[in-house]
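Structure below is entry.csv: CSV, C-alpha atoms and all ligand atoms.
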chain,number,residue,atom,x,y,z
A,1,MET,CA,98.2,40.9,170.7
A,2,ASN,CA,99.3,38.3,168.3
A,3,GLU,CA,98.4,38.8,164.7
A,4,PRO,CA,96.0,36.1,163.5
A,5,PRO,CA,97.2,34.0,160.5
A,6,LEU,CA,95.6,34.9,157.2
A,7,ALA,CA,93.4,32.5,155.2
A,8,ILE,CA,95.4,32.9,152.0
A,9,THR,CA,98.7,31.8,153.7
A,10,LEU,CA,97.0,28.8,155.2
A,11,ASN,CA,95.6,27.9,151.7
A,12,LEU,CA,92.1,28.5,153.0
A,13,CYS,CA,89.3,30.3,151.1
A,14,LEU,CA,86.1,31.7,152.7
A,15,CYS,CA,82.9,30.5,151.0
A,16,HIS,CA,80.5,33.4,150.7
A,17,GLY,CA,77.6,31.0,150.3
A,18,CYS,CA,77.8,29.4,153.8
A,19,GLY,CA,80.9,30.8,155.6
A,20,LEU,CA,82.9,27.6,155.5
A,21,ALA,CA,86.7,27.9,155.5
A,22,CYS,CA,87.4,25.8,152.4
A,23,ASP,CA,90.7,23.9,152.0
A,24,MET,CA,92.1,25.0,148.6
A,25,GLN,CA,94.3,22.0,148.2
A,26,GLY,CA,93.7,20.5,144.7
A,27,ASN,CA,92.1,23.8,143.6
A,28,PRO,CA,88.4,23.1,144.1
A,29,GLN,CA,86.1,25.3,142.1
A,30,ARG,CA,83.2,25.0,144.4
A,31,CYS,CA,82.5,24.9,148.1
A,32,VAL,CA,82.3,21.2,149.3
A,33,ARG,CA,79.5,22.1,151.7
A,34,CYS,CA,77.1,24.4,149.8
A,35,GLY,CA,78.3,24.3,146.2
A,36,ALA,CA,78.9,28.0,145.8
A,37,PRO,CA,81.7,29.0,143.5
A,38,LEU,CA,84.9,29.8,145.4
A,39,HIS,CA,87.1,32.8,144.7
A,40,TRP,CA,90.1,34.0,146.5
A,41,ARG,CA,88.7,37.5,146.1
A,42,LYS,CA,85.5,38.7,144.5
A,43,SER,CA,86.2,38.9,140.8
A,44,ASP,CA,86.9,42.3,139.2
A,45,ALA,CA,85.8,43.8,142.5
A,46,ILE,CA,87.3,47.3,141.9
A,47,ALA,CA,86.2,47.6,138.3
A,48,ARG,CA,82.6,46.4,139.0
A,49,SER,CA,82.3,48.5,142.1
A,50,TRP,CA,83.4,51.7,140.2
A,51,ALA,CA,81.0,50.9,137.3
A,52,TYR,CA,78.0,50.6,139.6
A,53,LEU,CA,79.1,53.6,141.6
A,54,LEU,CA,79.5,55.9,138.5
A,55,ALA,CA,76.1,54.7,137.1
A,56,ALA,CA,74.5,55.6,140.5
A,57,LEU,CA,76.2,59.0,140.5
A,58,VAL,CA,75.0,59.8,137.0
A,59,LEU,CA,71.4,58.7,137.9
A,60,TYR,CA,71.5,60.8,141.0
A,61,ILE,CA,71.2,64.0,138.9
A,62,PRO,CA,67.8,63.2,137.3
A,63,ALA,CA,66.7,61.6,140.6
A,64,ASN,CA,67.0,65.0,142.2
A,65,VAL,CA,65.8,67.2,139.3
A,66,VAL,CA,62.9,65.2,137.9
A,67,PRO,CA,59.7,65.3,140.1
A,68,VAL,CA,59.1,62.1,142.1
A,69,MET,CA,55.4,62.6,142.4
A,70,HIS,CA,52.5,64.7,141.1
A,71,THR,CA,49.9,66.0,143.4
A,72,SER,CA,46.5,67.4,142.3
A,73,MET,CA,44.4,68.3,145.2
A,74,PHE,CA,42.0,71.1,146.2
A,75,GLY,CA,42.1,72.6,142.7
A,76,SER,CA,45.9,73.0,142.6
A,77,SER,CA,48.3,70.6,141.1
A,78,GLY,CA,52.0,70.3,140.6
A,79,GLY,CA,55.1,68.0,140.8
A,80,SER,CA,57.5,67.8,143.6
A,81,THR,CA,61.1,66.7,143.8
A,82,ILE,CA,62.7,65.0,146.8
A,83,ILE,CA,64.3,68.2,148.0
A,84,GLY,CA,61.0,70.0,147.4
A,85,GLY,CA,59.3,67.5,149.7
A,86,VAL,CA,61.9,68.0,152.4
A,87,VAL,CA,61.5,71.8,152.2
A,88,GLU,CA,57.8,71.5,152.4
A,89,PHE,CA,58.0,69.5,155.6
A,90,TRP,CA,60.5,71.9,157.0
A,91,LYS,CA,58.3,74.9,156.3
A,92,GLY,CA,55.3,73.1,157.6
A,93,GLY,CA,57.0,72.8,161.0
A,94,ALA,CA,57.6,69.0,160.7
A,95,TRP,CA,61.4,69.4,161.0
A,96,ASP,CA,61.8,65.9,162.4
A,97,ILE,CA,60.2,64.3,159.3
A,98,ALA,CA,62.1,66.7,157.1
A,99,LEU,CA,65.3,65.5,158.8
A,100,ILE,CA,64.5,61.8,158.4
A,101,ILE,CA,63.8,62.2,154.7
A,102,PHE,CA,66.8,64.4,154.2
A,103,ILE,CA,69.1,61.8,155.8
A,104,ALA,CA,67.6,58.9,153.9
A,105,SER,CA,67.5,60.6,150.5
A,106,VAL,CA,70.5,62.9,150.5
A,107,GLY,CA,72.7,62.0,153.5
A,108,VAL,CA,72.8,58.2,152.9
A,109,PRO,CA,73.5,58.3,149.2
A,110,CYS,CA,76.1,61.0,149.5
A,111,ILE,CA,77.9,59.1,152.4
A,112,LYS,CA,77.9,56.1,150.1
A,113,PHE,CA,79.2,58.0,147.1
A,114,LEU,CA,82.0,59.6,149.1
A,115,GLY,CA,82.7,56.5,151.2
A,116,LEU,CA,82.9,54.0,148.4
A,117,SER,CA,85.0,56.4,146.3
A,118,LEU,CA,87.4,56.8,149.2
A,119,LEU,CA,87.6,53.0,149.7
A,120,LEU,CA,88.1,52.4,146.0
A,121,ILE,CA,90.8,55.1,145.5
A,122,THR,CA,92.8,54.1,148.7
A,123,THR,CA,92.6,50.4,147.8
A,124,GLN,CA,93.9,51.1,144.3
A,125,ARG,CA,96.8,53.1,145.7
A,126,HIS,CA,97.7,50.1,148.0
A,127,THR,CA,98.0,52.5,151.0
A,128,ASP,CA,98.2,51.2,154.5
A,129,TRP,CA,96.6,54.4,155.8
A,130,ALA,CA,93.8,53.9,158.4
A,131,LEU,CA,93.2,50.2,157.6
A,132,ARG,CA,90.9,49.5,160.5
A,133,GLN,CA,88.9,52.7,160.0
A,134,ARG,CA,88.4,51.9,156.3
A,135,ALA,CA,87.2,48.4,157.2
A,136,GLN,CA,84.7,50.1,159.6
A,137,LEU,CA,83.6,52.5,156.9
A,138,TYR,CA,82.8,49.6,154.6
A,139,ARG,CA,80.7,47.9,157.3
A,140,PHE,CA,78.9,51.2,158.0
A,141,ILE,CA,78.1,51.6,154.3
A,142,GLU,CA,76.8,48.1,154.2
A,143,VAL,CA,74.5,48.7,157.1
A,144,ILE,CA,73.0,52.1,156.1
A,145,GLY,CA,72.8,51.2,152.4
A,146,TYR,CA,69.1,50.2,152.1
A,147,TRP,CA,67.6,53.0,154.2
A,148,SER,CA,67.7,55.3,151.2
A,149,MET,CA,64.9,53.2,149.7
A,150,LEU,CA,62.7,55.1,152.2
A,151,ASP,CA,61.4,57.8,149.7
A,152,VAL,CA,60.5,55.3,147.1
A,153,LEU,CA,58.3,53.4,149.5
A,154,VAL,CA,56.8,56.6,150.9
A,155,VAL,CA,55.8,57.7,147.4
A,156,ALA,CA,54.4,54.3,146.6
A,157,LEU,CA,52.2,54.3,149.8
A,158,VAL,CA,51.1,57.9,149.4
A,159,ALA,CA,50.2,57.4,145.7
A,160,ALA,CA,48.4,54.2,146.4
A,161,LEU,CA,46.3,56.0,149.1
A,162,VAL,CA,45.4,59.2,147.4
A,163,GLN,CA,43.4,58.0,144.5
A,164,MET,CA,40.1,59.9,144.9
A,165,GLN,CA,39.1,61.1,141.4
A,166,GLU,CA,38.0,64.8,141.6
A,167,LEU,CA,38.9,65.2,145.2
A,168,GLY,CA,42.5,64.5,144.7
A,169,THR,CA,45.1,62.2,143.3
A,170,ILE,CA,48.8,61.7,143.8
A,171,GLU,CA,50.8,59.9,141.1
A,172,PRO,CA,54.4,58.7,141.0
A,173,ARG,CA,56.7,60.3,138.5
A,174,PRO,CA,59.9,59.2,136.8
A,175,GLY,CA,62.1,60.8,139.4
A,176,ILE,CA,61.3,57.9,141.7
A,177,LEU,CA,62.5,55.4,139.1
A,178,PHE,CA,65.9,57.2,138.9
A,179,PHE,CA,66.1,57.4,142.7
A,180,GLY,CA,65.3,53.7,143.1
A,181,LEU,CA,68.0,52.9,140.5
A,182,VAL,CA,70.5,55.0,142.5
A,183,VAL,CA,69.7,52.9,145.6
A,184,VAL,CA,70.0,49.6,143.8
A,185,PHE,CA,73.3,50.6,142.0
A,186,THR,CA,74.9,51.8,145.2
A,187,MET,CA,73.9,48.6,146.9
A,188,LEU,CA,75.4,46.6,144.1
A,189,SER,CA,78.5,48.7,144.2
A,190,ALA,CA,79.0,48.0,147.9
A,191,MET,CA,78.3,44.3,147.4
A,192,SER,CA,80.9,44.1,144.5
A,193,PHE,CA,83.6,45.6,146.6
A,194,ASP,CA,85.8,43.2,148.5
A,195,PRO,CA,86.9,44.6,151.8
A,196,ARG,CA,89.8,42.1,152.0
A,197,LEU,CA,91.5,44.1,149.2
A,198,ILE,CA,91.9,47.0,151.7
A,199,TRP,CA,94.3,44.7,153.6
A,200,ASP,CA,95.9,42.9,150.7
A,201,GLY,CA,97.5,46.0,149.2
A,202,ALA,CA,98.9,47.3,152.5
A,203,THR,CA,102.5,46.6,153.4
A,204,PRO,CA,102.6,44.0,156.3
A,205,ARG,CA,103.1,45.5,159.7
A,206,ARG,CA,106.3,44.5,161.5
A,207,ASP,CA,106.0,43.9,165.2
A,208,GLY,CA,109.1,44.1,167.4
B,1,MET,CA,87.2,19.2,155.8
B,2,THR,CA,86.5,18.0,159.3
B,3,LYS,CA,89.3,20.2,160.4
B,4,THR,CA,88.5,23.4,158.5
B,5,SER,CA,84.9,23.5,159.7
B,6,GLU,CA,86.2,24.4,163.2
B,7,LEU,CA,87.8,27.4,161.7
B,8,ILE,CA,86.3,30.8,161.0
B,9,VAL,CA,87.5,33.3,158.5
B,10,CYS,CA,86.9,37.0,158.9
B,11,GLU,CA,85.0,38.1,155.8
B,12,TYR,CA,86.4,41.6,156.0
B,13,CYS,CA,90.1,40.9,156.3
B,14,ASP,CA,90.8,37.2,155.8
B,15,ALA,CA,92.1,36.6,159.3
B,16,VAL,CA,91.6,33.0,160.6
B,17,TYR,CA,90.4,32.0,164.0
B,18,ARG,CA,89.3,28.9,165.8
B,19,LYS,CA,85.5,28.8,166.6
B,20,THR,CA,84.6,29.4,170.2
B,21,SER,CA,81.4,28.8,172.1
B,22,LEU,CA,79.8,32.0,173.2
B,23,ALA,CA,77.6,32.8,176.2
B,24,ARG,CA,74.5,34.9,176.0
B,25,HIS,CA,74.9,38.4,174.5
B,26,GLN,CA,78.5,37.6,173.7
B,27,ARG,CA,80.0,38.0,170.3
B,28,SER,CA,83.5,37.5,169.0
B,29,VAL,CA,85.3,40.3,167.1
B,30,CYS,CA,88.2,40.2,164.7
B,31,VAL,CA,91.3,41.7,166.4
B,32,ARG,CA,92.7,42.8,163.0
B,33,CYS,CA,89.7,44.7,161.5
B,34,GLY,CA,87.1,44.9,164.3
B,35,GLY,CA,84.5,43.0,162.3
B,36,VAL,CA,82.0,40.6,164.1
B,37,LEU,CA,83.0,37.0,163.6
B,38,GLN,CA,80.4,35.1,165.6
B,39,ARG,CA,77.3,36.0,167.5
B,40,HIS,CA,75.6,34.0,170.2
B,41,VAL,CA,72.5,32.4,168.8
B,42,GLY,CA,70.0,32.5,171.6
B,43,LEU,CA,67.1,30.8,169.9
B,44,THR,CA,66.6,27.1,169.6
B,45,VAL,CA,65.6,25.5,166.3
B,46,GLN,CA,62.1,25.0,167.8
B,47,GLN,CA,61.8,28.6,168.8
B,48,ARG,CA,62.9,29.8,165.4
B,49,LEU,CA,60.4,27.5,163.7
B,50,ALA,CA,57.7,28.9,165.9
B,51,LEU,CA,58.7,32.5,165.0
B,52,SER,CA,58.8,31.6,161.3
B,53,VAL,CA,55.3,30.3,161.5
B,54,THR,CA,54.3,33.5,163.4
B,55,ALA,CA,55.9,35.5,160.7
B,56,ALA,CA,53.9,33.7,158.0
B,57,ILE,CA,50.7,34.5,159.8
B,58,LEU,CA,51.7,38.1,160.3
B,59,MET,CA,52.5,38.2,156.6
B,60,VAL,CA,49.0,37.2,155.6
B,61,TYR,CA,47.7,40.2,157.7
B,62,ALA,CA,50.3,42.5,156.4
B,63,HIS,CA,49.5,41.6,152.8
B,64,PHE,CA,45.7,41.4,152.8
B,65,TYR,CA,44.8,44.2,155.3
B,66,PRO,CA,45.2,47.8,154.4
B,67,VAL,CA,48.4,49.4,155.8
B,68,MET,CA,46.3,52.6,156.3
B,69,SER,CA,43.3,54.4,155.0
B,70,ILE,CA,42.4,58.0,154.4
B,71,ARG,CA,39.2,59.9,154.5
B,72,LEU,CA,38.3,63.2,152.9
B,73,GLN,CA,34.8,64.8,152.7
B,74,GLY,CA,33.2,61.5,153.4
B,75,VAL,CA,35.1,59.6,150.7
B,76,SER,CA,37.6,57.0,151.9
B,77,ASN,CA,40.3,54.9,150.4
B,78,SER,CA,42.7,52.4,151.7
B,79,ALA,CA,46.0,50.8,150.4
B,80,THR,CA,47.7,47.5,151.0
B,81,LEU,CA,51.4,46.7,150.3
B,82,TRP,CA,50.3,45.2,147.0
B,83,ASP,CA,48.4,48.4,146.0
B,84,SER,CA,51.6,50.4,146.6
B,85,VAL,CA,53.6,48.1,144.3
B,86,GLN,CA,50.9,48.2,141.7
B,87,ILE,CA,50.6,52.0,141.6
B,88,LEU,CA,54.3,52.1,140.7
B,89,SER,CA,53.8,49.7,137.8
B,90,GLN,CA,51.9,52.2,135.7
B,91,GLY,CA,53.5,54.0,132.8
B,92,SER,CA,57.2,54.3,132.1
B,93,ILE,CA,58.4,53.5,135.6
B,94,THR,CA,57.4,49.9,135.7
B,95,PHE,CA,60.9,48.8,136.7
B,96,ILE,CA,60.7,50.5,140.1
B,97,ALA,CA,57.6,48.4,140.8
B,98,LEU,CA,59.7,45.3,140.4
B,99,VAL,CA,62.3,46.7,142.8
B,100,ALA,CA,59.6,47.6,145.3
B,101,ALA,CA,57.9,44.2,144.9
B,102,LEU,CA,61.3,42.5,145.6
B,103,THR,CA,62.1,44.5,148.7
B,104,ILE,CA,58.7,44.4,150.5
B,105,ILE,CA,56.9,41.3,149.1
B,106,ILE,CA,59.0,38.8,147.2
B,107,ALA,CA,62.2,38.7,149.4
B,108,PRO,CA,60.3,38.6,152.8
B,109,VAL,CA,57.8,35.9,151.5
B,110,LEU,CA,60.6,33.7,150.1
B,111,GLN,CA,62.7,34.1,153.2
B,112,VAL,CA,59.8,33.0,155.5
B,113,LEU,CA,58.9,30.1,153.3
B,114,LEU,CA,62.5,28.9,153.0
B,115,LEU,CA,63.0,29.3,156.8
B,116,ILE,CA,59.9,27.2,157.6
B,117,TRP,CA,61.0,24.5,155.1
B,118,VAL,CA,64.6,24.3,156.4
B,119,LEU,CA,63.7,24.6,160.1
B,120,ALA,CA,60.9,22.0,159.9
B,121,PHE,CA,63.4,19.5,158.7
B,122,ALA,CA,66.0,20.7,161.2
B,123,MET,CA,63.5,19.8,164.0
B,124,LEU,CA,63.9,16.2,162.8
B,125,ARG,CA,67.6,16.6,162.9
B,126,ARG,CA,67.8,16.3,159.1
B,127,ARG,CA,68.8,18.5,156.2
B,128,SER,CA,65.8,19.3,154.1
B,129,PRO,CA,65.7,18.4,150.4
B,130,ALA,CA,67.6,21.0,148.4
B,131,PHE,CA,69.1,22.3,151.7
B,132,ALA,CA,72.2,23.9,150.1
B,133,LEU,CA,70.0,25.7,147.5
B,134,CYS,CA,67.6,27.0,150.3
B,135,MET,CA,70.4,28.2,152.5
B,136,ARG,CA,72.1,30.0,149.6
B,137,GLY,CA,68.8,31.5,148.7
B,138,LEU,CA,68.4,32.8,152.3
B,139,GLU,CA,71.9,34.2,152.1
B,140,SER,CA,71.3,36.2,148.9
B,141,LEU,CA,67.8,37.4,149.7
B,142,ARG,CA,68.9,38.9,153.0
B,143,PRO,CA,70.1,42.3,151.7
B,144,TRP,CA,67.0,42.8,149.7
B,145,ASN,CA,64.5,42.5,152.5
B,146,MET,CA,63.5,46.1,153.3
B,147,LEU,CA,60.5,45.7,155.5
B,148,GLU,CA,61.8,47.9,158.3
B,149,VAL,CA,62.4,50.6,155.8
B,150,CYS,CA,58.8,50.1,154.6
B,151,LEU,CA,57.6,50.5,158.2
B,152,LEU,CA,59.4,53.8,158.6
B,153,GLY,CA,58.1,54.8,155.2
B,154,ALA,CA,54.5,54.1,156.3
B,155,LEU,CA,55.0,56.3,159.4
B,156,VAL,CA,56.4,59.1,157.2
B,157,ALA,CA,53.4,58.7,154.9
B,158,VAL,CA,51.0,59.0,157.8
B,159,ILE,CA,52.6,62.3,158.8
B,160,LYS,CA,52.9,63.5,155.3
B,161,LEU,CA,49.2,63.1,154.6
B,162,ALA,CA,47.9,64.0,158.1
B,163,GLY,CA,48.0,67.7,157.3
B,164,MET,CA,45.7,67.4,154.3
B,165,LEU,CA,43.2,64.7,155.3
B,166,ASP,CA,42.3,62.1,157.9
B,167,VAL,CA,44.7,59.2,158.1
B,168,ILE,CA,43.7,56.0,159.9
B,169,PRO,CA,46.4,53.3,160.4
B,170,GLY,CA,45.2,49.9,159.5
B,171,ALA,CA,45.7,46.3,160.8
B,172,GLY,CA,48.2,45.8,158.0
B,173,LEU,CA,50.5,48.4,159.6
B,174,ILE,CA,50.5,46.7,163.0
B,175,ALA,CA,51.2,43.3,161.3
B,176,LEU,CA,54.0,45.0,159.3
B,177,ALA,CA,55.6,46.3,162.4
B,178,ALA,CA,55.5,43.0,164.2
B,179,LEU,CA,56.7,41.2,161.1
B,180,SER,CA,59.7,43.3,160.6
B,181,VAL,CA,60.8,42.8,164.2
B,182,VAL,CA,60.3,39.0,164.0
B,183,LEU,CA,62.3,38.8,160.7
B,184,ILE,CA,65.2,40.7,162.3
B,185,TYR,CA,65.4,37.9,164.8
B,186,ILE,CA,65.1,34.9,162.5
B,187,ALA,CA,66.3,35.9,159.1
B,188,GLY,CA,69.7,37.4,160.0
B,189,ARG,CA,73.1,36.0,159.4
B,190,ASP,CA,72.5,33.5,162.2
B,191,VAL,CA,70.8,31.0,159.9
B,192,ARG,CA,74.2,29.9,158.8
B,193,ASP,CA,74.6,27.9,162.0
B,194,LEU,CA,72.3,25.3,160.6
B,195,TRP,CA,75.2,24.2,158.4
B,196,ASP,CA,77.1,23.2,161.6
B,197,ARG,CA,74.2,21.8,163.5
B,198,LEU,CA,72.9,19.4,160.8
C,301,ZN,ZN,79.9,27.1,151.1
C,302,ZN,ZN,88.9,40.9,160.3

Output the file's structure as structure tokens, nothing else.
Amino acid sequence: MNEPPLAITLNLCLCHGCGLACDMQGNPQRCVRCGAPLHWRKSDAIARSWAYLLAALVLYIPANVVPVMHTSMFGSSGGSTIIGGVVEFWKGGAWDIALIIFIASVGVPCIKFLGLSLLLITTQRHTDWALRQRAQLYRFIEVIGYWSMLDVLVVALVAALVQMQELGTIEPRPGILFFGLVVVFTMLSAMSFDPRLIWDGATPRRDG
Amino acid sequence: MTKTSELIVCEYCDAVYRKTSLARHQRSVCVRCGGVLQRHVGLTVQQRLALSVTAAILMVYAHFYPVMSIRLQGVSNSATLWDSVQILSQGSITFIALVAALTIIIAPVLQVLLLIWVLAFAMLRRRSPAFALCMRGLESLRPWNMLEVCLLGALVAVIKLAGMLDVIPGAGLIALAALSVVLIYIAGRDVRDLWDRL
């Protein structure tokens, strides 16, 4: 298969606002079609992506330690963390729901932490290892990213429902704020990363 | 400019290709990185406008009817999407209410309004006023629409509470389910093709 030409060698730049291949002759600052600012690569992609990722990683600790909701019902009351909720479902026999919450709240964030770190480190090292797989990993992270918002929305719905004075109340607790911030920051981290950098650093392949 | 609009650049690796016309269910894939370059757009502008209006109607139901209600010892209570956002806004965690509002209310509502606006003018083979602004708005709102996550969240909430009390799914839940499916069809990356059509 012939290697396709690269935009940068044809003096073309992809507009992220509308997808137009912009001719960079005369150094236009903005896309002629939609007016979005043009950049050869997302600015400070690596630094920004790291910053958001580290912020998310730090916030992930209180997100797991601090209770996400407080239940007072049938005379007993107490806070529960995300893992606590998973364990409760598991013990109650609802292993399928336990698994869904576990994947969304622990699996997805951890895949994002590991995956983005891997992408950032390998990109900084300009390695040509597993280029295609790394591009796929980036797309995978992009797709699964927002599913970790699941627990935030579950807590919101449950707390909005169970507001019955003496009979029982469920209230959201700060853990859910930390958890929501983790989701937002990992999404921003993935958005700041520029997957084209994976290919830029690699030494060009020589065919034949 | 007339020439470059026939080209397509892979957003994942910068490879350049010539645009091709695709048949149903076909998509073109980058040979270098495996990313999807183009997808076949099966819906006409008219169908997309009809679906956008449908989405707007579903949205009214999803917002004003309870997603579900609970009953315990004769006392019942119900919650809409808006109630769920509001409960988060109390106390020190207000910021998360903004995030929740963005993902399940603000982003989807704006997307549907912008789509109706842009597609209504597209029916007349014209670009709407502020077309570029609207299209870029749609582009940046897309990652923040989390209605399908909210739908799964509602199902989890039903099961979570079912052990303790009676849970009755409401009209809002059905509307929410239909709405998230419709939005997957009309609010995806495909809206970009309006740039080429108009
Ligand atoms: Zn543009
Ligand atoms: Zn590619």

Which residue of A:Leu119, A:Leu153, A:Ala190, A:Leu59 approaches chain B most closely, using only C-alpha atoms: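 The closest residue to chain B is A:Leu153.
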
Selected residue of minimal separation from chain A among B:Ala122, B:Ile106, B:Ile174, B:Val31, counting all atoms listed in the file: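 Closest to chain A, using all atoms listed in the file: B:Val31.
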
Interface, chain B side, toward chain A (8 Å; all atoms listed in the file) as a count of residues only: 58

Atomic distance CA of Tyr61 (chain B) - CA of Ile105 (chain B), expressed in Å with one decimal: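 Between CA of Tyr61 (chain B) and CA of Ile105 (chain B) the gap works out to 12.6 Å.
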
CA of Ser117 (chain A) to CA of Arg48 (chain A), distance in Å rounded to a single decimal: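 Computed distance, CA of Ser117 (chain A) to CA of Arg48 (chain A), equals 12.6 Å.
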
Selection near Ala55 (chain A), 10 Å with only C-alpha atoms, sequence-local residues under 5 positions removed, as a ChimeraX atom specification: /A:50,60,181-182,185-186,189

Selection: 10 Å around region 181-183 of chain B, all atoms listed in the file, excl. self and same-chain fewer than 4 positions, as a PyMOL selection string: chain B and resi 48+51-52+54-55+58+108+111-112+145+147-148+176-177+187-188

9 Å contact set for Ala175 (chain B), only C-alpha atoms, chain neighbours under 5 positions out, as a count of residues only: 10

Atom pair CA of Gln46 (chain B) / CA of Lys19 (chain B): separation (Å):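 These two atoms are separated by 23.7 Å.
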
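Of the listed residues B:Cys30, B:Ala23, B:Ala97, B:Ile184, the one whose atoms come nearest to ligand ZN 302 (chain C) is B:Cys30, with distances taken using all atoms listed in the file.
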
Residue nearest ligand ZN 301 (chain C) among B:Thr94, B:Leu141, B:Pro169, B:Asp196 (counting only C-alpha atoms and all ligand atoms): B:Asp196

Minimum-distance residue to ligand ZN 301 (chain C), chosen among B:Phe131, B:Thr44, B:Leu155, B:Ala101 (using all atoms listed in the file): B:Phe131

Could the centre and edge lengths of an axis-aligned box, enclosing all atoms of region 135-144 of chain A in the file with 8 Å extra on each side, be given in Å to one decimal as JSON?
{"center_x": 80.1, "center_y": 50.2, "center_z": 156.9, "size_x": 30.2, "size_y": 20.6, "size_z": 21.4}

Residue nearest Gly170 (chain B) among B:His40, B:Val109, B:Leu114, B:Phe64 (counting only C-alpha atoms):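 Under the stated criterion, the closest residue is B:Phe64.
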